[in-house]
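Novice: Dumping the structure here so I can ask a few things about it.
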Amino acid sequence: MARFTEEFHKTVRNFTDAPDVFIKAGALFLLSTAVGRHVMIVGPRPQYLNLWFLQVGDSRVSRKTTVLYWCKQVLNAYMPPQIPPKSPAGTKPISPILIPSGFSPEAFFSILCENPQRAWIKDEMSGFIKSFSKRYMSDMPELLSKVYDCTTESRRTKTGGHEVAEDPYLTIFSASTPILARYFNEDLFYQGLGNRFIYVMDFAKRDLRPFEFFGDPNIHRRYVTVIVNHLKQVRSLVTTNAPNEGKWIGPQHQPAKDLLERFENAVNKRIYELRDSDRMDMDIGYTAALPEFVRQLAALFSIDRYYEDRSEWARQELDILPEAVEEAINYAMGFVDSYQRFKDLIKMTPEQKSLEAEDNIKNMVYRIVKDHDPIKTRDLSRRSGKNWHKLKLIVDTLIIEERIFMYSRRPQGRGAIATMYTVSQELATKMNEKFTKGQTT
């Protein structure tokens with residue numbers, strides 16, 4: 001049997017051309033969610049395998065939302081929505097694991113009190129992070145940071161009185177465009193929330209796969225069922241017969257211990273260099289978090305490998321495999337690069353951010369024109385999600401740069417003259433000649 005991450009990648013790849021890094025993040029998010037508090041890393045204190053991912057990529061073309069969609073469909077099938085007991089008539093089913101897209105600190109804490117094992121899938125994280133500047137959301141960064149540590153938290157709220165979120169476990173799979181850097185400021189890294197995310201970025205230029213129509217309306221459901229079955233098997237493998245007890249996992253052999261120790265020593269040396277520079281640096285907190293990330297990932301990659309070979313699962317204590325440590329370190333180096341790129345966006349001046357945002361919109365508009373060539377003004381505005389008043393300046397700039405071209409088209413019968421956009425200069429010239437001669441197209 002193949003590893004769970006491989007099964008998820010193979011299945012999702014049938015439906016999307018999303019970057020491999022996004023699909024792998026989705027697989028690890030689901031694995032982390034299914035494992036829950038059933039597996040703990042051996043150490044001075046129990047460390048759990050809850051991972052928080054933040055995808056960053058261009059709108060419409062990076063396929064962030066497609067991977068989020070698949071993970072949401074899987075978890076909805078894995079733990080179907082239910083109507084809470086003693087609910088009034090007409091109450092809609094609620095997911096027992098997925099939390100709502102948006103919430104206040106008080107509502108979020110109440111949700112964890114109802115069920116502390118939760119997963120949050122959030123598309124466009126920028127709006128949520130931006131809301132931290134509002135007074136009623138000011139406690140959210142601190143609350144999220146505490147929940148990440150999986151320790152029992154109690155609060156006194158106005159509506160619920162004294163509430164306790166016992167043994168919380170939260171996984172996050174979120175996404176945003178580079179505009180997130182406007183609101184995800186350095187303070188969130190010094191406070192600690194920013195250091196709890198694994199950043200996954202992709203801006204690589206690649207050919208996009210055309211939209212594919214499927215003749216079977218149930219094809220998605222069947223493939224989701226396949227992934228759900230794998231996920232349930234993972235959960236059954238990490239669940240022990242004794243209630244409230246989990247499996248322990250740690251490096252039991254010297255090669256894995258040596259790899260982890262060398263990595264942590266290298267990280268500590270880097271932290272010393274950063275602190276010796278006599279200046280505050282947001283890299284210190286994130287660098288210090290890397291050994292914890294690597295331990296969590298090494299444990300998950302080991303579980304992923306044990307899923308393929310199940311001979312070790314009868315044991316209470318599992319081994320973190322050396323090859324899983326190597327895989328985790330290599331994976332960590334990739335998201336450290338993404339963190340550095342994200343940090344560069346955060347530290348840009350407002351003028352630089354404005355130019356960066358404009359370039360991103362220009363590239364998005366160009367790709368829409370290229371993918372739907374030729375395209376009408378109305379369709380271009382709809383697909384970009386921006387009104388024409390805001391879009392016109394970008395379109396005019398692309399025309400000046402000769403990246404796209406414009407022509408007018410007469411209707412066959414009645415109707416207004418349509419303005420069309422294309423990436424083909426030859427087509428625009430040909431159609432404009434026809435329009436000048438009064439010909440319909």
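By convention here, the chains of the structure tokens are called A, B, ... in the order presented, each chain's residues are numbered starting at 1, and ligands are numbered starting at 1 in the order presented.
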Could you pull out the helix (DSSP H, G or I) residues of region 24-173 of chain A from DSSP and send them as a PyMOL selection string?
Specialist: chain A and resi 24-38+64-78+105-114+126-133+135-137+140-148
Novice: Residues of the last selection are to be written out with C-alpha atoms, as an mmCIF file, in the first residue's frame.
Specialist:
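Saved to result.cif:
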data_model
loop_
_atom_site.group_PDB
_atom_site.id
_atom_site.type_symbol
_atom_site.label_atom_id
_atom_site.label_comp_id
_atom_site.auth_asym_id
_atom_site.auth_seq_id
_atom_site.Cartn_x
_atom_site.Cartn_y
_atom_site.Cartn_z
ATOM 1 C CA LYS A 24 1.601 18.142 -0.200
ATOM 2 C CA ALA A 25 0.618 20.783 2.371
ATOM 3 C CA GLY A 26 -2.997 19.647 2.019
ATOM 4 C CA ALA A 27 -2.017 16.003 2.566
ATOM 5 C CA LEU A 28 0.009 16.859 5.678
ATOM 6 C CA PHE A 29 -2.856 19.000 7.016
ATOM 7 C CA LEU A 30 -5.276 16.067 6.669
ATOM 8 C CA LEU A 31 -2.761 13.653 8.206
ATOM 9 C CA SER A 32 -2.172 16.040 11.104
ATOM 10 C CA THR A 33 -5.943 16.424 11.601
ATOM 11 C CA ALA A 34 -6.619 12.681 11.585
ATOM 12 C CA VAL A 35 -3.783 11.893 14.004
ATOM 13 C CA GLY A 36 -5.055 14.443 16.524
ATOM 14 C CA ARG A 37 -3.942 14.021 20.122
ATOM 15 C CA HIS A 38 -3.553 10.258 19.611
ATOM 16 C CA LYS A 64 -4.797 27.577 -3.743
ATOM 17 C CA THR A 65 -8.562 27.368 -3.326
ATOM 18 C CA THR A 66 -8.785 24.120 -5.299
ATOM 19 C CA VAL A 67 -6.632 22.303 -2.738
ATOM 20 C CA LEU A 68 -8.591 23.922 0.116
ATOM 21 C CA TYR A 69 -11.798 22.688 -1.523
ATOM 22 C CA TRP A 70 -10.534 19.109 -1.648
ATOM 23 C CA CYS A 71 -9.483 19.150 2.000
ATOM 24 C CA LYS A 72 -12.844 20.578 3.023
ATOM 25 C CA GLN A 73 -14.734 17.928 1.044
ATOM 26 C CA VAL A 74 -12.629 15.186 2.615
ATOM 27 C CA LEU A 75 -13.200 16.402 6.187
ATOM 28 C CA ASN A 76 -16.931 16.879 5.592
ATOM 29 C CA ALA A 77 -17.111 13.250 4.454
ATOM 30 C CA TYR A 78 -14.703 12.095 7.177
ATOM 31 C CA PRO A 105 -12.397 35.426 20.113
ATOM 32 C CA GLU A 106 -15.375 34.649 22.343
ATOM 33 C CA ALA A 107 -17.137 32.562 19.670
ATOM 34 C CA PHE A 108 -13.891 30.749 18.824
ATOM 35 C CA PHE A 109 -13.325 29.811 22.465
ATOM 36 C CA SER A 110 -16.917 28.562 22.831
ATOM 37 C CA ILE A 111 -16.437 26.374 19.727
ATOM 38 C CA LEU A 112 -13.341 24.783 21.304
ATOM 39 C CA CYS A 113 -15.245 24.173 24.533
ATOM 40 C CA GLU A 114 -17.893 22.223 22.604
ATOM 41 C CA SER A 126 -5.904 38.640 4.734
ATOM 42 C CA GLY A 127 -9.371 39.778 5.850
ATOM 43 C CA PHE A 128 -9.093 37.796 9.084
ATOM 44 C CA ILE A 129 -5.604 39.126 9.879
ATOM 45 C CA LYS A 130 -6.731 42.670 9.019
ATOM 46 C CA SER A 131 -9.538 42.382 11.595
ATOM 47 C CA PHE A 132 -6.941 42.135 14.404
ATOM 48 C CA SER A 133 -6.761 45.928 14.326
ATOM 49 C CA ARG A 135 -10.877 46.288 19.266
ATOM 50 C CA TYR A 136 -13.099 43.220 19.602
ATOM 51 C CA MET A 137 -10.497 41.077 17.771
ATOM 52 C CA MET A 140 -7.228 36.796 18.875
ATOM 53 C CA PRO A 141 -3.433 36.564 18.241
ATOM 54 C CA GLU A 142 -2.790 35.662 21.887
ATOM 55 C CA LEU A 143 -5.655 33.163 22.006
ATOM 56 C CA LEU A 144 -4.540 31.406 18.818
ATOM 57 C CA SER A 145 -0.967 31.221 20.119
ATOM 58 C CA LYS A 146 -2.152 29.500 23.310
ATOM 59 C CA VAL A 147 -4.368 27.050 21.435
ATOM 60 C CA TYR A 148 -1.400 26.091 19.250
#
Novice: Would you kindly return, as a list of chain:residue names, each protein, DNA or RNA residue with an atom no farther than 6 Å from any atom of Ser95 (chain A), considering only C-alpha atoms and excluding same-chain residues fewer than 2 positions away?
Specialist: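 The residues satisfying every condition are A:Pro81, A:Ile97, A:Leu98.
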Novice: Point out the residue among A:Arg235, A:Arg60, A:Arg275, A:Lys430 with the least atom-to-atom distance to Ala18 (chain A), counting only C-alpha atoms.
Specialist: A:Arg60
Novice: I need the residue nearest Arg221 (chain A) from this list: A:Glu327, A:Thr11, A:Thr397, A:Gln412. Use only C-alpha atoms for the distance.
Specialist: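 Under the stated criterion, the closest residue is A:Thr11.
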Novice: Can you pull out the residues contacting Asp319 (chain A)? Cut-off 10 Å, using only C-alpha atoms, and skip same-chain residues under 5 positions away; I want them as an MDAnalysis selection string.
Specialist: chainID A and resid 41 248:253 256 299 302:303 306 312
Novice: Which residues are near Leu398 (chain A)? Cut-off 12 Å, only C-alpha atoms, ignore same chain within fewer than 5 positions. Put them as a list in words.
Specialist: Glu358, Asp359, Ile361, Lys362, Asn363, Met364, Val365, Tyr366, Arg367, Val369, Leu391, Lys392, Leu393, Arg403, Ile404, Phe405, Met406, Tyr421, Thr422 and Val423 of chain A
Novice: Determine the nearest neighbour of Asp371 (chain A) from the options A:Asp281, A:Val61, A:Glu317, A:Arg45, counting only C-alpha atoms.
Specialist: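 Counting only C-alpha atoms, the residue closest to Asp371 (chain A) is A:Val61.
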Novice: Would you give me, as a PyMOL selection string, the residues in region 111-285 of chain A that DSSP reads as strand (DSSP E or B)?
Specialist: chain A and resi 117-122+153-157+161-165+169-176+198-202+247-250
Novice: Produce a file of the selected residues containing C-alpha atoms, as a compact mmCIF listing (two decimals), in the first residue's frame.
Specialist:
# COMPACT_ATOMS: atom_id res chain seq x y z
CA GLN A 117 -10.50 18.72 18.35
CA ARG A 118 -10.95 21.14 15.45
CA ALA A 119 -9.72 21.98 11.95
CA TRP A 120 -9.95 25.37 10.28
CA ILE A 121 -9.89 25.79 6.50
CA LYS A 122 -9.73 29.48 5.63
CA GLU A 153 -7.33 27.05 28.57
CA SER A 154 -10.11 28.57 30.69
CA ARG A 155 -11.90 31.89 30.32
CA ARG A 156 -14.85 33.77 31.72
CA THR A 157 -17.09 35.01 28.91
CA GLY A 161 -19.69 32.30 32.08
CA HIS A 162 -16.68 30.19 33.10
CA GLU A 163 -15.72 28.01 30.13
CA VAL A 164 -12.90 25.50 29.73
CA ALA A 165 -11.34 24.32 26.47
CA TYR A 169 -6.02 20.47 19.22
CA LEU A 170 -6.36 22.76 16.21
CA THR A 171 -5.03 22.32 12.68
CA ILE A 172 -5.16 25.14 10.11
CA PHE A 173 -5.03 25.14 6.31
CA SER A 174 -5.32 28.68 4.98
CA ALA A 175 -4.54 30.68 1.87
CA SER A 176 -4.06 34.23 0.70
CA ILE A 198 4.39 26.88 7.87
CA TYR A 199 4.49 29.20 4.84
CA VAL A 200 3.99 27.61 1.44
CA MET A 201 4.48 29.92 -1.53
CA ASP A 202 4.42 29.39 -5.28
CA LYS A 247 0.89 6.42 21.17
CA TRP A 248 4.27 7.93 21.89
CA ILE A 249 6.70 8.60 19.07
CA GLY A 250 10.35 9.54 19.28
Novice: From the set A:Thr419, A:Arg341, A:Tyr223, A:Val234, which residue has the shortest atom-to-atom contact distance to Arg13 (chain A), counting only C-alpha atoms?
Specialist: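 Selected residue with least distance to Arg13 (chain A): A:Tyr223.
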Novice: Just checking: using only C-alpha atoms, which residue out of A:Val226, A:Cys150, A:Met125, A:Ile329 ends up closest to Phe184 (chain A)?
Specialist: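 Distance minimum relative to Phe184 (chain A) lands on A:Met125.
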Novice: Rounded to one decimal, what separation in Å do you get between CA of Phe197 (chain A) and CA of Asn265 (chain A)?
Specialist: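 Separation of CA of Phe197 (chain A) and CA of Asn265 (chain A): 21.9 Å.
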Novice: Point out the residue among A:Ala328, A:Val56, A:Tyr272, A:Ile94 with the least atom-to-atom distance to Pro80 (chain A), counting only C-alpha atoms.
Specialist: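 Of A:Ala328, A:Val56, A:Tyr272, A:Ile94, the one nearest Pro80 (chain A), counting only C-alpha atoms, is A:Ile94.
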